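J.: Here it is, the structure, as structure tokens.
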Amino acid sequence: MYREHPLKILKYSIKNIWLLIFPLLRGIWAMKLDVDKLYTWLKGAWFDILFILLIILFGCVKWLFSKIDVTESAIIHTNGIVIKTKTVIPYENISSITREHSFYLRCFKAVRFYADTCAGILKTPDMVLLLNNKVCEKIIGTVPQAESESSVVYRHKPKSIIIIFFSVLFSSSFSGVIYISAFFFQGGQIAKDLISESVDQLTAEASKFLIINIPYAVLTIVIVIMGAWIISFIINMVRYSGFFIRRYEHIIEIESGNITPRRFLLCQNKINYIYLKQNLLMKIFSVMSVNVNCSGYGTSKKKNLPVLLPVQTKGKFKENLKSATDIEYKTNRQYKPKITSFWQYIWASVIIAICIFPATRFLSFHNEQLHDAVIFITVMAEIPAVWYIIIRFAALLTSGVTIDGNLIYLRYSRTFSFYTLIAEKDKLAKAAITQSPFQKIFKKCSVVFYFNSEITEGHVVKALKLKDAQKILQLLMD
């Protein structure tokens, strides 16, 4: 039997901090009824100290009643004084184990331990414990999923430049930050010019104030936006520095972070699916990031990305994917939309691009002084709209479904990103064929795939032939 780290007493005590309202009420009462406020407060200090001691004592008692048992088949955590709660997680149901060694816990030799199963909900771990380092290692070593170093079949440590490149790409949309910054900076300059042209309509003092301060306000906005991205970039650099992956016979071990080292153990048979995520530029240059959907990894509120292999080039991707997951990557699209289905992919983006012109023209029509500003806004609005059209057309050329033995390959697009999902048939929860009235006319449809996951999420492949979709469902049932 084990216990949690004594630091957990503080957490249990903090939960009852509301009891300090009674010493607070006593102090308010004393100050109103007695002229010598300080003396009265000190005289009754025993009451305040008593409540603080009671809070700490309650934390100690609750800690004493928190027990951890590691049996031959399960991890059992029992807590509660009057109403006891027993959490039992059988080893065979564990999908992932996480050890997080926060820098502020190192001096106390404490570590956070998370255990997750496929039954988890709301992105919360099924078991969270604060343990002593030695106790944590003993528990991890007892779990059958833990394997010795001698059974490593694959190991990979990406170069530092890869981690930097990965942090740039996945830090709050780098391209979006550049675009928004350019919009505000140039827009601020146009605003300054418009005000300068209207000096005769303003008092000298007011126009001087606006001319001087608007560009500075715009510059401040640009700095804030860029600063937010830089902070996100630094966080990702710190979080994924020292990234290292080992594959054993039954588990995948991932380590990352130097300031807050994290170690993840993923059970291979509990992985729901693997997916590649790319934007258009990454797709053009054959660069991709390999992620994994596994309960407990990358699904917590701390927003860790579920990275399996950071940025990979096409040349090394297939080899590393095969070594890390034992999956042979297939590039062919067995069932794919025809080029004649282009309107089903681009109609929304085309309508958006077309509607921008009358909307901005309306502004210019009512105020000729805004002509230059409207032209700028129109151009800046059309850039992402046209880019979105290109992305949707690229989605048409790359989407499709492949059924290869026991594996399902899905290629589809969502907003500005492209996904390639690879999963085993038994991880598929359900598949559905949907048809709009327009699709019925041309005997086309969309196929929505749902896989085992903590969050229900549909993966949609659009504009397939109806007969192809029916073949897909038949192959999935075989």
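Labels used: A, B, ... for chains in the order of the structure tokens, numbers from 1 for residues in each chain, and numbers from 1 for ligands as shown.
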Restrict the calculation to only C-alpha atoms, then for each residue of stretch 277-371 of chain A with any atom at most 8 Å from an atom of stretch 94-103 of chain A give the closest atom pair and their distance in Å to one decimal, rows by chain and rising residue number, as JSON lines.

T.:
{"residue": "A:Cys294", "atom": "CA", "partner": "A:Ser95", "partner_atom": "CA", "distance": 6.8}
{"residue": "A:Ser295", "atom": "CA", "partner": "A:Ser95", "partner_atom": "CA", "distance": 6.0}
{"residue": "A:Gly296", "atom": "CA", "partner": "A:Ser96", "partner_atom": "CA", "distance": 5.7}
{"residue": "A:Tyr297", "atom": "CA", "partner": "A:Ser96", "partner_atom": "CA", "distance": 6.9}

J.: Save the residues we just selected, N, CA, C and O atoms, as a JSON list (two decimals), in the first residue's frame?

T.:
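Result went into part.json, see below:
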[["chain", "number", "residue", "atom", "x", "y", "z"],
["A", 294, "CYS", "N", -5.07, 8.96, -28.66],
["A", 294, "CYS", "CA", -5.03, 7.94, -27.60],
["A", 294, "CYS", "C", -5.49, 8.61, -26.31],
["A", 294, "CYS", "O", -4.97, 9.68, -25.94],
["A", 295, "SER", "N", -6.46, 8.04, -25.64],
["A", 295, "SER", "CA", -7.01, 8.64, -24.43],
["A", 295, "SER", "C", -5.91, 8.94, -23.42],
["A", 295, "SER", "O", -5.12, 8.07, -23.07],
["A", 296, "GLY", "N", -5.87, 10.21, -22.98],
["A", 296, "GLY", "CA", -4.88, 10.61, -21.99],
["A", 296, "GLY", "C", -3.67, 11.29, -22.56],
["A", 296, "GLY", "O", -2.90, 11.91, -21.83],
["A", 297, "TYR", "N", -3.48, 11.22, -23.89],
["A", 297, "TYR", "CA", -2.31, 11.86, -24.50],
["A", 297, "TYR", "C", -2.78, 12.99, -25.42],
["A", 297, "TYR", "O", -3.44, 12.75, -26.42]]

J.: Env of stretch 56-66 of chain A: 8 Å cut, atoms = only C-alpha atoms, seq-sep filter 6 positions within chain, self excluded. Answer as a list in words.

T.: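 Answer for this query is Arg3, Glu4, Pro6, Lys8, Ile9, Leu10, Lys11, Tyr12, Ser13, His77, Thr78, Asn79, Gly80 and Ile81 of chain A.
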
J.: Would you save the residues from that selection as a PDB file, in the first residue's frame, using C-alpha atoms?

T.:
ATOM      1  CA  ARG A   3       0.165   7.032   0.019  1.00  0.00           C
ATOM      2  CA  GLU A   4       0.251  10.222  -1.971  1.00  0.00           C
ATOM      3  CA  PRO A   6       2.486  14.881   1.787  1.00  0.00           C
ATOM      4  CA  LYS A   8      -1.324  16.717  -1.189  1.00  0.00           C
ATOM      5  CA  ILE A   9      -2.267  17.861   2.343  1.00  0.00           C
ATOM      6  CA  LEU A  10      -2.039  21.443   1.098  1.00  0.00           C
ATOM      7  CA  LYS A  11      -4.429  20.721  -1.767  1.00  0.00           C
ATOM      8  CA  TYR A  12      -6.914  19.043   0.545  1.00  0.00           C
ATOM      9  CA  SER A  13      -6.616  21.984   2.958  1.00  0.00           C
ATOM     10  CA  HIS A  77      -7.104   4.482  -5.240  1.00  0.00           C
ATOM     11  CA  THR A  78      -9.301   4.799  -2.154  1.00  0.00           C
ATOM     12  CA  ASN A  79     -10.103   8.166  -0.604  1.00  0.00           C
ATOM     13  CA  GLY A  80     -12.778   9.790   1.512  1.00  0.00           C
ATOM     14  CA  ILE A  81     -13.408   9.923   5.264  1.00  0.00           C
TER      15      ILE A  81
END

J.: If you count only C-alpha atoms, which residues fall within 12 Å of A:Ser399, apart from same-chain ones fewer than 6 positions away, as a PyMOL selection string?

T.: chain A and resi 331-339+341-342+345+391-393+409-414+418-421+446-447+459-464

J.: Which residues are close to A:Trp347, i.e. within 12 Å by only C-alpha atoms, leaving aside same-chain residues fewer than 2 positions away? Reply as a PyMOL selection string.

T.: chain A and resi 341-345+349-354+385+388-390+392-393

J.: Could you give me, as CSV, a per-residue list for stretch 323-357 of chain A showing, wherever an atom lies at most 10 Å from an atom of stretch 154-173 of chain A, the closest pair of atoms and their distance in Å to one decimal, using only C-alpha atoms and sorting by chain then residue number from low to high?

T.:
residue,atom,partner,partner_atom,distance
A:Ser323,CA,A:Tyr154,CA,6.1
A:Ala324,CA,A:Tyr154,CA,6.4
A:Thr325,CA,A:Tyr154,CA,9.5

J.: Atoms to include: C-alpha atoms. Write the selected residues as a tab-separated table (two decimals), in the first residue's frame.

T.:
chain	number	residue	atom	x	y	z
A	323	SER	CA	9.21	1.83	-37.39
A	324	ALA	CA	7.15	3.77	-34.86
A	325	THR	CA	3.75	2.18	-35.51

J.: Looking at only C-alpha atoms, which of A:Gly400, A:Gly298, A:Gly405, A:Gly315 is the one that sits closest to A:Met477?

T.: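 That would be A:Gly405, the residue with the smallest distance to A:Met477.
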
J.: I'd like the interatomic distance between atom CA of A:Ile139 and atom CA of A:Leu105, to a tenth of an Å.

T.: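 These two atoms are separated by 18.8 Å.
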